[in-house]
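Everything below concerns the one structure shown next.
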Amino acid sequence: MTSRDRFRLALSHQEPDRVPICDTVWPTTEARWRREGLPEDQSAFSYFGYEWIGQGADVSFQLPEETLEETDAYRIFRGNYGATTRVFKGRESVPELIDYAITSREKWEEHKPLLTWNKRRVDWEGRLAANRSLREQGYFVTSHTGFGYDVMQRFVGAPRVLMAMHDDPSWVKDMMDTLAECVIRAVAELIAYGFRFDGAFIWNDMGYKNGPFFSPDAYMEFEFPGQKRMCDFFHSHDMPVILHTDGDIRKLIPHLIEAGIDCLQPIEAKAGMDLVELKHDFGEKMAFMGGINVMAMADPDPTVIEHEISRKLPIAKQGGGYIYHSDHSVPDNVSFEQYKHVMELVAEYGAY
């Protein structure tokens with residue numbers, strides 16, 4: 001059974017031979033693992049046999065990246081969305097957004113034409129060759145893109161987006177509509193050129209540890225129309241939709257199902273997203289990817305991660321509908337030996 005077969009069965013709520021596996025690993029984690037025995041000629045992806053790969057087009061403003069300041073500790077740059085960002089060197093951290101390209105609706109109108117389609121958004125030959133090779137190898141290949149609040153806060157700023165939902169809702173709706181159109185047009189062009197995708201992956205963080213950033217009513221007013229439109233497009237091309245969103249977004253799940261989201265990722269345990277409870281409440285209508293707490297992976301007592309996986313996987317995998325992934329990404333306090341033990345447990349408890 002290929003990785004594609006395994007993913008497709010799990011996403012359609014059927015049982016493959018075993019739970020599909022994929023994960024996200026910090027660069028500093030992989031560097032640590034290499035010091036601890038990860039072969040020089042292999043990545044974490046190849047060594048552990050991850051089965052999912054994403055490809056996509058550039059759906060940003062395509063502004064040139066420009067370094068504004070650089071020290072031994074950090075780099076400040078202006079990126080392709082026009083935001084000024086600080087990233088710290090030598091450690092993993094959330095990029096710090098300092099300033100934004102768009103500070104008003106008038107600035108949005110100036111930048112909006114930069115989201116129209118053009119062929120410079122894709123490395124056609126290189127990515128098409130990679131797409132064909134990956135599918136020939138049997139990987140589950142998705143179109144990969146961002147959408148919604150998470151993208152807008154990168155060029156407008158989170159407080160400005162949230163305030164505009166109240167003060168200028170038509171502006172927020174216009175940004176949502178424009179982003180959805182940009183994504184759909186880009187993927188349609190890729191497919192027309194010969195790319196083949198097995199599914200769609202959308203990243204759109206909409207929550208934190210205490211709940212969503214906005215109410216379910218606000219989701220329905222602002223996010224739902226664009227997400228529904230994209231899901232309808234992807235489904236018309238036989239592409240199940242995986243949504244990445246951090247935080248506790250349990251209040252939004254019924255609406256995500258209505259929009260057409262097929263699978264939720266990464267099921268952040270640290271924010272109270274319990275995989276067993278979600279499987280019980282929504283498992284007939286939604287698949288899940290993730291939910292294995294990285295804090296348990298890092299615990300020096302191996303029985304902690306053993307309990308985590310033995311409690312969750314046997315229930316999550318019942319009837320299909322589950323794909324292994326950490327509950328966010330694997331940090332560098334998880335050793336190579338600890339993570340190998342995680343994979344051994346996933347193989348044990350993830351078999352059908």
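Naming works like this for the structure tokens: A, B, ... for the chains as they're shown, residue 1 at the start of each chain, ligands 1 onward in shown order.
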### Query
Hey, what does DSSP flag as strand (DSSP E) within stretch 219-290 of chain A? Can you give it to me as a ChimeraX atom specification?
/A:241-244,263-265,287-289
### Task
Give me the residues within 8 Å of A:Gly319 as a list of chain:residue names, counting only C-alpha atoms and dropping any in the same chain fewer than 2 places off.
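That gives A:His13, A:Gln14, A:Glu15, A:Lys317, A:Gly321.
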### Task
Show which residues sit within 8 Å of A:Asn333, as a PyMOL selection string. Count only C-alpha atoms, and ignore same-chain residues fewer than 2 positions away.
chain A and resi 29+298+331+335
Next, dump the selected residues to file, keeping only C-alpha atoms, as a compact mmCIF listing (two decimals), in the first residue's frame.
# COMPACT_ATOMS: atom_id res chain seq x y z
CA THR A 29 15.76 19.52 16.52
CA ALA A 298 10.31 15.17 25.97
CA PRO A 331 11.00 20.87 19.55
CA SER A 335 16.17 13.61 21.87
### Task
Would you mind reading off the distance between atom CA of A:Ser326 and atom CA of A:Arg154, one decimal, in Å?
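For atom CA of A:Ser326 relative to atom CA of A:Arg154, the distance reads 24.9 Å.
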### Message
With distances taken over only C-alpha atoms, which residue among A:Phe224, A:Tyr193, A:Tyr47, A:Phe88 lies nearest A:Ile257?
### Response
A:Phe224
### Message
Could you list, as a list in words, every residue within 12 Å of A:Gly283, counting only C-alpha atoms and ignoring same-chain residues fewer than 5 positions away?
### Response
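Once the adjacent positions are removed, what remains is Ala10, Leu11, Ser12, His13, Gln14, Ile253, Pro254, Ile257, Asp262, Cys263, Leu264, Leu275, Val276, Glu277, Leu278, Phe288, Met289, Ile315, Ala316, Lys317, Gln318, Gly319, Gly320, Gly321 and Tyr322 of chain A.
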### Query
What does the distance from atom CA of A:Met165 to atom CA of A:Glu223 come to in Å, to one decimal?
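Answer for the atom CA of A:Met165 to atom CA of A:Glu223 separation: 10.9 Å.
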### Query
When distances are computed from only C-alpha atoms, which of A:Gln153, A:Ser329, A:Ser133, A:Ser310 shows the smallest separation from A:Tyr349?
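Selected residue with least distance to A:Tyr349: A:Ser310.
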### Message
When you count only C-alpha atoms, which of these residues is closest to A:Glu70: A:Met297, A:Thr85, A:Pro27, A:Val151?
### Response
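Using only C-alpha atoms, A:Glu70 sits closest to A:Thr85.
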### Task
For A:Met273, list every protein, DNA or RNA residue within 10 Å, evaluated using only C-alpha atoms, and leave out those in the same chain fewer than 6 positions away; present the list as a PyMOL selection string.
chain A and resi 209+246-250+266-267+291+327
Would you save the residues of that selection, restricted to C-alpha atoms, as a PDB file, in the first residue's frame?
ATOM      1  CA  LYS A 209      -4.801  28.131  24.343  1.00  0.00           C
ATOM      2  CA  ASP A 246      -3.363  26.040  16.366  1.00  0.00           C
ATOM      3  CA  GLY A 247      -5.070  26.568  19.678  1.00  0.00           C
ATOM      4  CA  ASP A 248      -8.404  25.561  21.160  1.00  0.00           C
ATOM      5  CA  ILE A 249     -10.873  25.926  18.294  1.00  0.00           C
ATOM      6  CA  ARG A 250     -13.471  23.417  19.504  1.00  0.00           C
ATOM      7  CA  PRO A 266      -2.442  19.527  14.516  1.00  0.00           C
ATOM      8  CA  ILE A 267      -4.885  19.058  17.486  1.00  0.00           C
ATOM      9  CA  GLY A 291      -2.799  15.333  18.933  1.00  0.00           C
ATOM     10  CA  ASP A 327       0.364  18.166  18.448  1.00  0.00           C
TER      11      ASP A 327
END
### Query
Skipping near chain neighbours, those fewer than 5 positions away, what residues fall within 6 Å of stretch 202-204 of chain A using only C-alpha atoms, listed as a ChimeraX atom specification?
/A:145-147,150,243-245
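For the pair atom CA of A:Val304 and atom CA of A:Trp33, the separation is 20.9 Å.
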### Message
So that I can check the surroundings of stretch 169-180 of chain A, please list as a list in words every protein, DNA and RNA residue that reaches within 9 Å of it, counting only C-alpha atoms and ignoring chain neighbours fewer than 3 positions away.
### Response
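Counting only the stated atoms, we get Val59, Arg105, Trp108, Lys112, Leu115, Thr116, Gly146, Phe147, Gly148, Tyr149, Val151, Met152, Val161, Ala164, Met165, His166, Val183, Ile184, Arg185, Glu221, Phe222, Glu223, Pro225, Gly226, Gln227, Arg229 and Met230 of chain A.
Minimum atom-to-atom distances from A:Thr84, A:Asn293, A:Thr2, A:Ser43 to A:Leu134 were compared using only C-alpha atoms, and the lowest value belongs to A:Thr2.
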### Task
Pick out each residue of stretch 104-301 of chain A that DSSP on the backbone tags as helix (DSSP H, G or I); I need them as a PyMOL selection string.
chain A and resi 105-115+119-121+124-136+149-155+158-167+169-193+216-236+250-259+269-271+275-282+294-298
Per-residue nearest contacts stretch 178-288 of chain A to stretch 120-125 of chain A, cut-off 12 Å, using only C-alpha atoms, as JSON lines:
{"residue": "A:Cys182", "atom": "CA", "partner": "A:Arg121", "partner_atom": "CA", "distance": 10.7}
{"residue": "A:Val183", "atom": "CA", "partner": "A:Arg121", "partner_atom": "CA", "distance": 11.1}
{"residue": "A:Arg185", "atom": "CA", "partner": "A:Arg121", "partner_atom": "CA", "distance": 11.1}
{"residue": "A:Ala186", "atom": "CA", "partner": "A:Arg121", "partner_atom": "CA", "distance": 8.1}
{"residue": "A:Val187", "atom": "CA", "partner": "A:Val122", "partner_atom": "CA", "distance": 10.4}
{"residue": "A:Glu189", "atom": "CA", "partner": "A:Val122", "partner_atom": "CA", "distance": 9.7}
{"residue": "A:Leu190", "atom": "CA", "partner": "A:Val122", "partner_atom": "CA", "distance": 8.3}
{"residue": "A:Ile191", "atom": "CA", "partner": "A:Trp124", "partner_atom": "CA", "distance": 11.4}
{"residue": "A:Ala192", "atom": "CA", "partner": "A:Trp124", "partner_atom": "CA", "distance": 11.7}
{"residue": "A:Tyr193", "atom": "CA", "partner": "A:Trp124", "partner_atom": "CA", "distance": 8.3}
{"residue": "A:Gly194", "atom": "CA", "partner": "A:Trp124", "partner_atom": "CA", "distance": 9.7}
{"residue": "A:Phe195", "atom": "CA", "partner": "A:Trp124", "partner_atom": "CA", "distance": 9.4}
Let me see the file: selected residues, C-alpha atoms, as a short mmCIF file (atom, residue, chain, number, x, y, z; two decimals), in the first residue's frame.
data_model
loop_
_atom_site.label_atom_id
_atom_site.label_comp_id
_atom_site.auth_asym_id
_atom_site.auth_seq_id
_atom_site.Cartn_x
_atom_site.Cartn_y
_atom_site.Cartn_z
CA CYS A 182 -5.94 34.18 -5.29
CA VAL A 183 -5.67 30.65 -3.85
CA ARG A 185 -6.80 30.74 -9.26
CA ALA A 186 -3.28 29.62 -8.33
CA VAL A 187 -4.25 25.98 -7.76
CA GLU A 189 -3.43 27.17 -12.93
CA LEU A 190 -1.17 24.51 -11.39
CA ILE A 191 -3.66 21.76 -12.25
CA ALA A 192 -4.14 23.09 -15.78
CA TYR A 193 -0.36 23.01 -16.29
CA GLY A 194 -0.13 19.36 -15.27
CA PHE A 195 0.30 19.30 -11.50
#
### Message
Please determine, counting only C-alpha atoms, which residue among A:Trp52, A:Asp99, A:His280, A:Tyr81 has the shortest atom-to-atom distance to A:Glu65.
### Response
A:Tyr81
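Between A:Gln338 and the residues A:Cys231, A:Met295, A:Cys22, A:Ala73, the shortest atom-to-atom distance, using only C-alpha atoms, involves A:Met295.
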